[in-house]
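Asks: Okay, so here is model_22.txt, and as you'll see once you scroll down, it has compact mmCIF, C-alpha atoms and all ligand atoms.
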# COMPACT_ATOMS: atom_id res chain seq x y z
CA MET A 27 129.29 137.04 19.49
CA ASP A 28 127.87 139.38 22.17
CA GLY A 29 124.32 138.14 21.66
CA LEU A 30 125.40 134.58 22.16
CA ILE A 31 127.40 135.37 25.28
CA GLU A 32 124.41 137.14 26.77
CA LYS A 33 122.29 134.11 25.98
CA PHE A 34 124.87 131.74 27.47
CA LYS A 35 124.98 133.87 30.59
CA ARG A 36 121.18 133.96 30.89
CA ASP A 37 120.83 130.25 30.26
CA PHE A 38 123.31 129.39 32.99
CA LYS A 39 121.60 131.75 35.44
CA ASP A 40 118.02 130.72 34.70
CA LYS A 41 116.38 128.74 37.43
CA ILE A 42 114.96 125.35 36.62
CA GLY A 43 112.75 124.80 39.63
CA ASN A 44 114.86 126.43 42.33
CA ARG A 45 118.31 125.63 40.91
CA ASP A 46 120.31 126.88 37.96
CA LEU A 47 122.12 124.44 35.68
CA GLN A 48 125.34 124.42 37.68
CA GLU A 49 123.47 124.08 40.97
CA TRP A 50 121.70 121.04 39.54
CA ALA A 51 125.01 119.51 38.46
CA ARG A 52 126.54 120.05 41.91
CA PHE A 53 123.40 118.77 43.63
CA LEU A 54 123.45 115.55 41.60
CA ALA A 55 127.18 115.12 42.17
CA GLN A 56 126.58 115.27 45.93
CA ASP A 57 124.35 112.22 45.61
CA ASP A 58 126.91 110.34 43.48
CA LYS A 59 130.13 111.81 42.10
CA THR A 60 130.39 109.49 39.11
CA ALA A 61 130.70 111.55 35.94
CA PHE A 62 132.06 111.16 32.43
CA GLU A 63 135.47 112.81 32.70
CA VAL A 64 136.71 115.17 30.02
CA ASP A 65 139.80 117.30 30.19
CA HIS A 66 138.77 120.01 27.76
CA THR A 67 135.89 122.41 27.40
CA GLY A 68 134.63 121.36 23.96
CA THR A 69 132.07 119.25 25.80
CA LEU A 70 130.54 122.34 27.32
CA PHE A 71 129.74 123.85 23.92
CA LYS A 72 128.48 120.65 22.37
CA LEU A 73 126.08 120.36 25.30
CA TYR A 74 125.15 124.01 25.33
CA ILE A 75 124.18 123.96 21.67
CA LEU A 76 121.84 121.03 22.32
CA TYR A 77 120.27 122.68 25.36
CA SER A 78 119.83 125.94 23.58
CA TYR A 79 118.34 124.31 20.46
CA VAL A 80 115.86 122.19 22.42
CA LYS A 81 114.41 125.25 24.17
CA TRP A 82 114.34 127.43 21.10
CA PRO A 83 113.52 126.96 18.32
CA TYR A 84 112.98 123.22 18.47
CA LEU A 85 110.35 122.55 21.13
CA LYS A 86 108.76 125.98 20.91
CA ILE A 87 107.92 125.48 17.24
CA MET A 88 107.46 121.73 17.19
CA THR A 89 105.10 121.60 20.19
CA SER A 90 102.89 124.21 18.47
CA LEU A 91 102.91 122.16 15.28
CA ARG A 92 102.08 119.06 17.31
CA GLU A 93 98.76 120.65 18.25
CA THR A 94 97.65 120.89 14.65
CA LEU A 95 99.48 117.98 13.03
CA HIS A 96 99.10 115.42 15.85
CA LEU A 97 102.82 114.83 15.69
CA LYS A 98 104.75 112.62 18.06
CA LEU A 99 107.97 114.33 19.12
CA ILE A 100 110.80 112.00 20.01
CA PHE A 101 114.26 112.78 21.36
CA ILE A 102 116.86 110.05 20.94
CA ASP A 103 120.21 110.24 22.70
CA LEU A 104 122.07 107.08 21.68
CA TYR A 105 125.23 107.55 23.75
CA ALA A 106 123.52 109.18 26.68
CA GLY A 107 126.18 108.67 29.38
CA ASN A 108 125.30 108.81 33.08
CA GLY A 109 123.85 112.32 33.30
CA LEU A 110 126.96 114.18 34.47
CA ASN A 111 130.22 115.24 32.88
CA MET A 112 133.17 116.45 34.85
CA ILE A 113 135.33 118.94 33.04
CA ASN A 114 138.84 119.56 34.18
CA SER A 115 138.92 116.86 36.82
CA SER A 116 141.45 118.55 39.14
CA GLU A 117 138.84 121.19 39.93
CA GLU A 118 135.79 118.95 39.74
CA ILE A 119 133.56 121.10 37.58
CA TYR A 120 130.37 119.17 37.00
CA VAL A 121 128.14 119.85 34.02
CA CYS A 122 124.84 118.13 33.31
CA GLY A 123 125.00 115.72 30.39
CA SER A 124 122.98 115.69 27.19
CA ALA A 125 120.05 113.65 28.51
CA LEU A 126 119.47 115.86 31.56
CA LEU A 127 119.94 119.04 29.53
CA ALA A 128 117.29 117.96 27.06
CA LEU A 129 115.01 117.14 29.98
CA PHE A 130 115.66 120.51 31.67
CA GLY A 131 115.14 122.36 28.37
CA SER A 132 111.80 120.65 27.86
CA TYR A 133 110.77 121.33 31.48
CA LEU A 134 111.43 125.05 31.02
CA LEU A 135 109.47 125.16 27.81
CA ASN A 136 106.61 123.21 29.31
CA ASN A 137 106.45 125.65 32.22
CA SER A 138 106.41 128.66 29.95
CA ARG A 139 103.29 127.72 28.00
CA LYS A 140 99.77 126.47 28.42
CA HIS A 141 100.02 123.39 26.26
CA ASN A 142 102.33 120.42 26.65
CA GLY A 143 105.93 121.50 25.99
CA TYR A 144 107.53 118.10 26.52
CA PHE A 145 108.73 115.55 24.00
CA ASP A 146 106.29 112.64 23.77
CA HIS A 147 109.20 110.28 24.29
CA MET A 148 112.82 110.70 25.26
CA ILE A 149 115.01 107.68 24.57
CA PHE A 150 118.33 107.53 26.40
CA THR A 151 120.59 104.59 25.66
CA ASP A 152 124.10 103.65 26.71
CA LYS A 153 125.92 100.35 26.65
CA SER A 154 127.24 100.73 30.18
CA ALA A 155 124.91 99.21 32.80
CA LYS A 156 126.35 101.47 35.49
CA SER A 157 125.76 104.62 33.42
CA VAL A 158 122.20 103.67 32.61
CA GLU A 159 121.42 102.89 36.25
CA LEU A 160 122.85 106.22 37.33
CA LEU A 161 121.11 108.15 34.59
CA GLU A 162 117.78 106.61 35.59
CA ARG A 163 118.43 107.51 39.23
CA ARG A 164 119.37 111.06 38.29
CA CYS A 165 116.34 111.56 36.04
CA LYS A 166 114.10 110.36 38.87
CA ILE A 167 115.79 112.68 41.39
CA VAL A 168 115.32 115.60 38.99
CA LEU A 169 111.64 114.81 38.35
CA ASP A 170 111.03 114.37 42.09
CA GLU A 171 112.75 117.63 43.00
CA LEU A 172 110.81 119.44 40.27
CA LYS A 173 107.60 117.79 41.52
CA GLU A 174 106.98 116.76 37.93
CA LYS A 175 104.57 113.87 38.10
CA SER A 176 103.27 113.88 34.55
CA LEU A 177 106.31 112.14 33.03
CA THR A 178 106.71 108.37 33.30
CA VAL A 179 110.10 106.63 33.36
CA SER A 180 110.93 103.10 32.31
CA THR A 181 113.77 100.92 31.06
CA SER A 182 111.78 99.26 28.29
CA PHE A 183 110.68 100.38 24.83
CA SER A 184 107.46 98.45 25.05
CA SER A 185 106.24 100.56 27.99
CA ASN A 186 105.12 103.67 26.10
CA SER A 187 106.74 105.76 28.84
CA ASN A 188 107.87 109.34 28.33
CA LEU A 189 111.43 108.59 29.37
CA VAL A 190 112.97 105.31 28.28
CA ILE A 191 116.41 104.75 29.76
CA SER A 192 117.79 101.57 28.30
CA LYS A 193 121.06 99.63 28.48
CA SER A 194 121.70 99.09 24.79
CA ASP A 195 124.67 98.67 22.51
CA VAL A 196 124.30 100.84 19.42
CA SER A 197 126.64 98.52 17.50
CA ASP A 198 124.22 95.65 18.04
CA PRO A 199 121.98 95.27 14.94
CA GLY A 200 119.33 93.69 17.21
CA PHE A 201 119.07 96.92 19.19
CA ILE A 202 118.70 99.05 16.06
CA THR A 203 115.97 96.71 14.86
CA SER A 204 114.06 97.06 18.15
CA LEU A 205 114.45 100.83 18.06
CA THR A 206 113.24 101.14 14.46
CA THR A 207 110.41 98.65 15.05
CA TRP A 208 109.26 100.75 17.98
CA LEU A 209 109.53 103.97 15.94
CA ASP A 210 107.67 102.37 13.02
CA SER A 211 104.84 101.25 15.27
CA ILE A 212 104.29 104.84 16.44
CA TRP A 213 104.77 106.12 12.88
CA SER A 214 102.03 103.88 11.57
CA HIS A 215 99.54 105.95 13.60
CA HIS A 216 101.08 109.43 13.81
CA PRO A 217 103.48 111.65 11.91
CA LEU A 218 106.84 111.71 13.69
CA HIS A 219 109.55 114.22 14.32
CA VAL A 220 112.75 112.81 15.77
CA LEU A 221 115.58 114.86 17.25
CA LEU A 222 118.67 112.67 17.15
CA PHE A 223 121.67 113.40 19.35
CA ILE A 224 124.56 111.09 18.56
CA ASP A 225 127.62 111.54 20.72
CA PRO A 226 129.86 108.46 20.60
CA ASP A 227 133.09 108.46 22.61
CA ARG A 228 135.09 107.39 19.56
CA ALA A 229 134.65 107.38 15.82
CA ALA A 230 134.73 103.59 15.45
CA ASN A 231 131.76 103.16 17.78
CA PHE A 232 129.22 104.33 15.23
CA LYS A 233 128.41 102.69 11.91
CA MET A 234 127.18 104.55 8.88
CA GLU A 235 124.53 101.87 8.34
CA THR A 236 122.97 102.81 11.68
CA LEU A 237 122.91 106.48 10.77
CA ALA A 238 121.24 105.72 7.43
CA LYS A 239 118.53 103.66 9.15
CA LEU A 240 117.72 106.53 11.50
CA LEU A 241 117.80 109.21 8.82
CA ARG A 242 114.66 107.68 7.23
CA TYR A 243 112.62 109.31 10.00
CA PRO A 244 111.66 112.97 9.69
CA GLY A 245 113.63 115.09 12.10
CA ASP A 246 116.87 116.85 12.89
CA LEU A 247 120.29 115.49 13.64
CA PHE A 248 123.19 116.44 15.88
CA LEU A 249 126.21 114.25 15.30
CA LEU A 250 129.55 114.53 17.01
CA LEU A 251 132.46 113.64 14.73
CA HIS A 252 135.87 112.76 16.16
CA THR A 253 137.58 113.96 13.01
CA ASP A 254 141.14 114.52 14.22
CA ALA A 255 141.17 111.25 16.15
CA PHE A 256 140.04 109.50 12.96
CA VAL A 257 142.89 111.10 11.00
CA GLU A 258 145.42 110.00 13.58
CA MET A 259 144.13 106.41 13.60
CA VAL A 260 144.26 106.26 9.79
CA ASN A 261 147.78 107.70 9.71
CA LYS A 262 149.01 105.21 12.26
CA GLY A 263 147.27 102.35 10.45
CA ARG A 264 145.41 101.45 13.65
CA TYR A 265 142.02 100.62 12.12
CA LEU A 266 141.17 97.31 10.52
CA ALA A 267 139.92 97.76 6.94
CA GLU A 268 136.53 96.31 7.91
CA THR A 269 136.17 98.86 10.74
CA VAL A 270 136.74 101.81 8.41
CA LYS A 271 134.39 100.35 5.81
CA SER A 272 131.55 100.00 8.29
CA MET A 273 132.24 103.35 10.02
CA LEU A 274 131.97 105.13 6.70
CA GLY A 275 129.73 102.75 4.73
CA ILE A 276 132.31 102.51 1.92
CA ASN A 277 133.50 99.72 -0.37
CA ASP A 278 137.04 98.43 -1.03
CA LYS A 279 137.64 100.86 -3.88
CA GLU A 280 136.58 103.84 -1.75
CA LEU A 281 138.76 102.59 1.08
CA ASP A 282 141.73 102.52 -1.30
CA ASP A 283 140.96 106.11 -2.34
CA LEU A 284 140.93 107.15 1.32
CA TYR A 285 144.28 105.46 2.00
CA GLN A 286 145.80 107.25 -1.00
CA LEU A 287 145.30 110.57 0.78
CA LYS A 288 148.50 111.82 2.36
CA LYS A 289 147.63 115.13 3.97
CA ASN A 290 145.82 115.24 7.30
CA LYS A 291 143.60 118.00 5.98
CA ASP A 292 142.47 115.80 3.07
CA ILE A 293 141.74 112.80 5.27
CA ALA A 294 139.73 115.01 7.64
CA GLU A 295 137.82 116.48 4.71
CA TYR A 296 137.08 113.04 3.30
CA TYR A 297 135.69 111.92 6.65
CA VAL A 298 133.42 114.92 7.15
CA LYS A 299 132.29 114.92 3.48
CA ARG A 300 131.36 111.25 3.72
CA PHE A 301 128.88 112.01 6.52
CA GLU A 302 127.55 115.01 4.63
CA THR A 303 127.01 112.89 1.52
CA VAL A 304 125.15 110.15 3.37
CA ILE A 305 123.00 112.70 5.18
CA LYS A 306 122.23 114.63 2.00
CA THR A 307 121.35 111.54 -0.01
CA THR A 308 119.32 109.52 2.50
CA ARG A 309 115.66 109.99 1.72
CA ILE A 310 113.28 110.87 4.53
CA ASP A 311 110.20 108.68 4.22
CA LYS A 312 106.53 109.75 4.22
CA ILE A 313 107.13 113.46 3.65
CA SER A 314 104.07 115.15 2.20
CA LYS A 315 105.32 118.75 1.99
CA GLY A 316 108.77 120.26 1.51
CA ALA A 317 112.08 118.52 0.82
CA ASN A 318 112.59 114.75 1.19
CA PHE A 319 116.26 115.19 1.97
CA ARG A 320 118.20 117.07 4.62
CA GLU A 321 119.81 119.72 2.49
CA ILE A 322 120.89 121.96 5.30
CA ILE A 323 124.03 120.73 6.98
CA ILE A 324 126.06 122.91 9.30
CA THR A 325 129.38 121.59 10.52
CA THR A 326 130.98 123.44 13.42
CA PRO A 327 134.52 122.77 14.61
CA ILE A 328 134.73 122.54 18.36
CA ASN A 329 138.11 123.44 19.72
CA THR A 330 139.45 121.30 22.53
CA GLY A 331 142.33 123.62 23.30
CA GLU A 332 144.92 121.01 22.35
CA ASN A 333 144.94 121.50 18.62
CA VAL A 334 142.60 118.56 18.35
CA ASN A 335 139.26 119.37 16.89
CA TYR A 336 136.09 117.53 16.72
CA TYR A 337 133.09 118.64 14.76
CA LEU A 338 129.46 118.99 15.60
CA MET A 339 127.33 118.33 12.54
CA TYR A 340 123.75 119.53 12.43
CA ALA A 341 121.30 118.57 9.69
CA THR A 342 117.74 119.55 8.91
CA ARG A 343 115.49 119.83 5.89
CA LYS A 344 114.03 122.87 4.17
CA THR A 345 110.40 123.17 5.03
CA GLY A 346 109.63 126.66 3.76
CA GLY A 347 107.51 129.12 5.69
CA LYS A 348 108.47 132.02 7.90
CA ASP A 349 109.09 130.00 11.05
CA SER A 350 111.38 127.64 9.29
CA GLU A 351 113.47 130.43 7.75
CA LYS A 352 113.84 132.15 11.10
CA TRP A 353 114.74 128.83 12.65
CA GLN A 354 117.48 128.12 10.14
CA GLU A 355 118.94 131.61 10.34
CA ALA A 356 118.98 131.47 14.11
CA PHE A 357 120.64 128.11 14.09
CA SER A 358 123.33 129.12 11.57
CA ALA A 359 124.20 132.10 13.73
CA LEU A 360 124.35 129.98 16.86
CA ALA A 361 126.50 127.33 15.18
CA SER A 362 129.01 129.75 13.77
CA GLU A 363 129.36 131.56 17.07
CA ILE A 364 129.67 128.40 19.11
CA GLY A 365 132.80 127.58 17.08
CA LYS A 366 134.32 130.93 18.10
CA MET A 367 133.15 130.57 21.65
CA SER A 368 134.83 127.19 22.04
CA GLU A 369 138.14 128.98 21.44
CA VAL A 370 137.75 130.80 24.72
CA GLY A 371 136.59 127.66 26.47
CA ASN A 372 138.83 127.79 29.50
CA THR A 373 137.70 131.26 30.45
CA ALA A 374 134.06 130.37 29.82
CA LEU A 375 134.54 127.53 32.22
CA GLU A 376 135.28 130.02 34.98
CA VAL A 377 131.67 131.10 34.77
CA LEU A 378 130.60 127.60 35.67
CA LYS A 379 132.77 127.29 38.73
CA GLY A 380 130.67 129.25 41.09
CA PRO A 381 128.73 132.36 41.94
CA GLN A 382 131.86 134.42 42.59
CA LYS A 383 132.69 134.33 38.89
CA THR A 384 130.83 136.68 36.62
CA MET A 385 130.48 136.97 32.90
CA HIS A 386 132.59 140.11 33.20
CA ASP A 387 135.48 137.91 34.38
CA PHE A 388 134.85 135.63 31.45
CA LEU A 389 134.94 138.40 28.90
CA PHE A 390 137.68 140.56 30.28
CA SER A 391 140.09 138.25 32.05
CA ASP A 392 143.53 137.75 30.47
CA ARG A 393 143.63 134.72 28.29
C1 LIG B 401 130.96 110.90 25.04
S1 LIG B 401 130.07 109.88 26.13
C2 LIG B 401 128.47 110.54 26.05
C3 LIG B 401 128.27 111.66 26.96
C4 LIG B 401 126.85 112.14 27.03
N1 LIG B 401 126.34 112.57 25.73
C5 LIG B 401 126.76 113.26 28.02
O1 LIG B 401 126.48 114.40 27.63
O2 LIG B 401 126.95 113.00 29.21
C6 LIG B 401 129.91 108.42 25.23
C7 LIG B 401 129.08 107.33 25.88
O3 LIG B 401 128.88 106.31 24.90
C8 LIG B 401 128.78 105.08 25.55
N2 LIG B 401 129.02 104.07 24.50
C9 LIG B 401 130.18 103.75 23.89
N3 LIG B 401 129.97 102.81 22.95
C10 LIG B 401 128.64 102.56 22.94
C11 LIG B 401 127.80 101.71 22.18
N4 LIG B 401 128.29 100.91 21.25
N5 LIG B 401 126.47 101.74 22.43
C12 LIG B 401 125.95 102.54 23.38
N6 LIG B 401 126.70 103.36 24.14
C13 LIG B 401 128.02 103.36 23.93
C14 LIG B 401 129.80 105.14 26.65
O4 LIG B 401 129.44 104.22 27.69
C15 LIG B 401 129.72 106.61 27.08
O5 LIG B 401 128.85 106.76 28.17
In structure tokens, write the structure found in this file.
Ligand SMILES: C[S@@+](CC[C@H](N)C(=O)[O-])C[C@H]1O[C@@H](n2cnc3c(N)ncnc32)[C@H](O)[C@@H]1O
Replies:
Amino acid sequence: MDGLIEKFKRDFKDKIGNRDLQEWARFLAQDDKTAFEVDHTGTLFKLYILYSYVKWPYLKIMTSLRETLHLKLIFIDLYAGNGLNMINSSEEIYVCGSALLALFGSYLLNNSRKHNGYFDHMIFTDKSAKSVELLERRCKIVLDELKEKSLTVSTSFSSNSNLVISKSDVSDPGFITSLTTWLDSIWSHHPLHVLLFIDPDRAANFKMETLAKLLRYPGDLFLLLHTDAFVEMVNKGRYLAETVKSMLGINDKELDDLYQLKKNKDIAEYYVKRFETVIKTTRIDKISKGANFREIIITTPINTGENVNYYLMYATRKTGGKDSEKWQEAFSALASEIGKMSEVGNTALEVLKGPQKTMHDFLFSDR
């Protein structure tokens, strides 16, 4: 785990413009304190894994491939939030959210190389009007402060902007149709690579049908699964049958099989397996080389410190080649260590509180 801790330490110290990640979070909170509140540190690791992946290997390799393959690189964050999370609300520890972290990661990569290191498009959606407004404001503040004038921001898909920040409800089939129509129109002229980050606040807010529609596009997936919350809801009989069927894309017979399961462990396994099965069996369209299916799925438990786990699922396809092997090895190592790291979440959080805390405190303080 030492390598990962060193990386975590470096990443939180690295300057993006003239601020590190925590300085950015505090700076944005001074403008407006609104943040998505979480009372455990699992959030930190879910976000860190995204940030770390975007910088390396994802954009490093994909932006080089873009040069030769004329790819369009698209980041989609369906439950993007407002740009800030606040962990442990009594102490007000702000952490940048997924959308801003992906933007910061791409800024760093862009600055470290001669050719364009940005995604072609970043799509941030959330159903809350207030969150979307705030996220747009925060993205604009960040771009202004960084004096980054090359990226355009808009609230509409039709604009062809680099950043699209849109008030959309992922459960609305009309929205998914506009998103896929927009993706298809780009795909009819260029090969695509889509990095999907799907982080709903509860299990019932995401339908399997939506996932299957998005898995048709070449690209990688990060999906947050609220496994233990699902188990609890099933045990207490809180879901309507139709809700479970659409969450999992299952029929009546499969629903009966699920409700026959008595042990929490079996229900949790059913839930996670169901996502793995859909991911493994949904064909990626228009692939000319390598696998048509995402065969590599890594599921990492993220500990919330309250005996409630959620899981971060990552999926990609085998493409062969040296880069791809290195990429997958690096990611497997990162994923397995992130699980361990989330177990020491509360001490890791100390690092984020301020400059007086060092990684030494994190590693050697009493737990
Ligand atoms: C866990 S938070 C996301 C946090 C975000 N990834 C971040 O890092 O800051 C979940 C978000 O999903 C949004 N949401 C819930 N249901 C939604 C839906 N059906 N469509 C779009 N957004 C939704 C909520 O408004 C909330 O901001």
Asks: Ligand LIG 401 (chain B): which residues are within 6 Å, counting only C-alpha atoms and all ligand atoms? Reply as a PyMOL selection string.
Replies: chain A and resi 105-111+123-124+152-154+194-197+225-227+231
Asks: Just want the 12 Å neighbourhood of Ile102 in chain A, counted on only C-alpha atoms, with same-chain residues fewer than 6 positions away dropped. Output as a ChimeraX atom specification.
Replies: /A:124-125,128-129,145-152,188-192,196,205-206,209,219-225,240,243,245-249
Asks: What is the CA of Pro217 in chain A-CA of Arg92 in chain A distance in Å, reported with one decimal?
Replies: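 Interatomic distance here is 9.3 Å.
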Asks: Distance table requested - range 225-341 of chain A against range 70-74 of chain A, cut-off 12 Å, all atoms listed in the file: one row per qualifying residue with the closest atom pair and its distance in Å to one decimal, ordered by chain and rising residue number, as CSV.
Replies:
residue,atom,partner,partner_atom,distance
A:Asp225,CA,A:Lys72,CA,9.3
A:Phe248,CA,A:Lys72,CA,9.4
A:Leu249,CA,A:Lys72,CA,9.8
A:Leu250,CA,A:Lys72,CA,8.2
A:Leu251,CA,A:Lys72,CA,11.1
A:Thr325,CA,A:Lys72,CA,11.9
A:Thr326,CA,A:Lys72,CA,9.7
A:Pro327,CA,A:Lys72,CA,10.1
A:Ile328,CA,A:Phe71,CA,7.6
A:Asn329,CA,A:Phe71,CA,9.4
A:Thr330,CA,A:Phe71,CA,10.1
A:Tyr336,CA,A:Lys72,CA,10.0
A:Tyr337,CA,A:Lys72,CA,9.1
A:Leu338,CA,A:Lys72,CA,7.0
A:Met339,CA,A:Lys72,CA,10.2
A:Tyr340,CA,A:Lys72,CA,11.1
Asks: Give me, please, the distance in Å between CA of Tyr79 in chain A and CA of Met112 in chain A, quoted to one decimal.
Replies: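 Taking CA of Tyr79 in chain A as the start and CA of Met112 in chain A as the end point, the length is 22.1 Å.
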Asks: Which residues are near Arg343 in chain A? Cut-off 12 Å, only C-alpha atoms, ignore same chain within fewer than 2 positions. Put them as an MDAnalysis selection string.
Replies: chainID A and resid 219 241 243:247 305:310 313 315:324 340:341 345:346 350:351 353:354
Asks: Restricting the output to C-alpha atoms, write the selected residues as a JSON list (two decimals), in the frame of the given file.
Replies:
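Here's the written file part.json:
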[["chain", "number", "residue", "atom", "x", "y", "z"],
["A", 219, "HIS", "CA", 109.55, 114.22, 14.32],
["A", 241, "LEU", "CA", 117.80, 109.21, 8.82],
["A", 243, "TYR", "CA", 112.62, 109.31, 10.00],
["A", 244, "PRO", "CA", 111.66, 112.97, 9.69],
["A", 245, "GLY", "CA", 113.63, 115.09, 12.10],
["A", 246, "ASP", "CA", 116.87, 116.85, 12.89],
["A", 247, "LEU", "CA", 120.29, 115.49, 13.64],
["A", 305, "ILE", "CA", 123.00, 112.70, 5.18],
["A", 306, "LYS", "CA", 122.23, 114.63, 2.00],
["A", 307, "THR", "CA", 121.35, 111.54, -0.01],
["A", 308, "THR", "CA", 119.32, 109.52, 2.50],
["A", 309, "ARG", "CA", 115.66, 109.99, 1.72],
["A", 310, "ILE", "CA", 113.28, 110.87, 4.53],
["A", 313, "ILE", "CA", 107.13, 113.46, 3.65],
["A", 315, "LYS", "CA", 105.32, 118.75, 1.99],
["A", 316, "GLY", "CA", 108.77, 120.26, 1.51],
["A", 317, "ALA", "CA", 112.08, 118.52, 0.82],
["A", 318, "ASN", "CA", 112.59, 114.75, 1.19],
["A", 319, "PHE", "CA", 116.26, 115.19, 1.97],
["A", 320, "ARG", "CA", 118.20, 117.07, 4.62],
["A", 321, "GLU", "CA", 119.81, 119.72, 2.49],
["A", 322, "ILE", "CA", 120.89, 121.96, 5.30],
["A", 323, "ILE", "CA", 124.03, 120.73, 6.98],
["A", 324, "ILE", "CA", 126.06, 122.91, 9.30],
["A", 340, "TYR", "CA", 123.75, 119.53, 12.43],
["A", 341, "ALA", "CA", 121.30, 118.57, 9.69],
["A", 345, "THR", "CA", 110.40, 123.17, 5.03],
["A", 346, "GLY", "CA", 109.63, 126.66, 3.76],
["A", 350, "SER", "CA", 111.38, 127.64, 9.29],
["A", 351, "GLU", "CA", 113.47, 130.43, 7.75],
["A", 353, "TRP", "CA", 114.74, 128.83, 12.65],
["A", 354, "GLN", "CA", 117.48, 128.12, 10.14]]
Asks: Emit as AutoDock Vina command-line options the padded axis-aligned box for all listed atoms of range 107-115 of chain A, 8 Å per side, with centre and edge lengths in Å to one decimal.
Replies:
--center_x 131.4 --center_y 114.1 --center_z 33.1 --size_x 31.1 --size_y 26.9 --size_z 23.4
Asks: Any idea what's packed within 9 Å of range 40-49 of chain A, counting all atoms listed in the file, ignoring anything in its chain fewer than 3 positions away? Could you give it as a tab-separated table (two decimals) with C-alpha atoms, in the frame of the given file?
Replies:
chain	number	residue	atom	x	y	z
A	35	LYS	CA	124.98	133.87	30.59
A	36	ARG	CA	121.18	133.96	30.89
A	37	ASP	CA	120.83	130.25	30.26
A	52	ARG	CA	126.54	120.05	41.91
A	53	PHE	CA	123.40	118.77	43.63
A	54	LEU	CA	123.45	115.55	41.60
A	119	ILE	CA	133.56	121.10	37.58
A	120	TYR	CA	130.37	119.17	37.00
A	121	VAL	CA	128.14	119.85	34.02
A	122	CYS	CA	124.84	118.13	33.31
A	127	LEU	CA	119.94	119.04	29.53
A	130	PHE	CA	115.66	120.51	31.67
A	131	GLY	CA	115.14	122.36	28.37
A	133	TYR	CA	110.77	121.33	31.48
A	134	LEU	CA	111.43	125.05	31.02
A	171	GLU	CA	112.75	117.63	43.00
A	172	LEU	CA	110.81	119.44	40.27
A	173	LYS	CA	107.60	117.79	41.52
A	378	LEU	CA	130.60	127.60	35.67
A	379	LYS	CA	132.77	127.29	38.73
A	380	GLY	CA	130.67	129.25	41.09
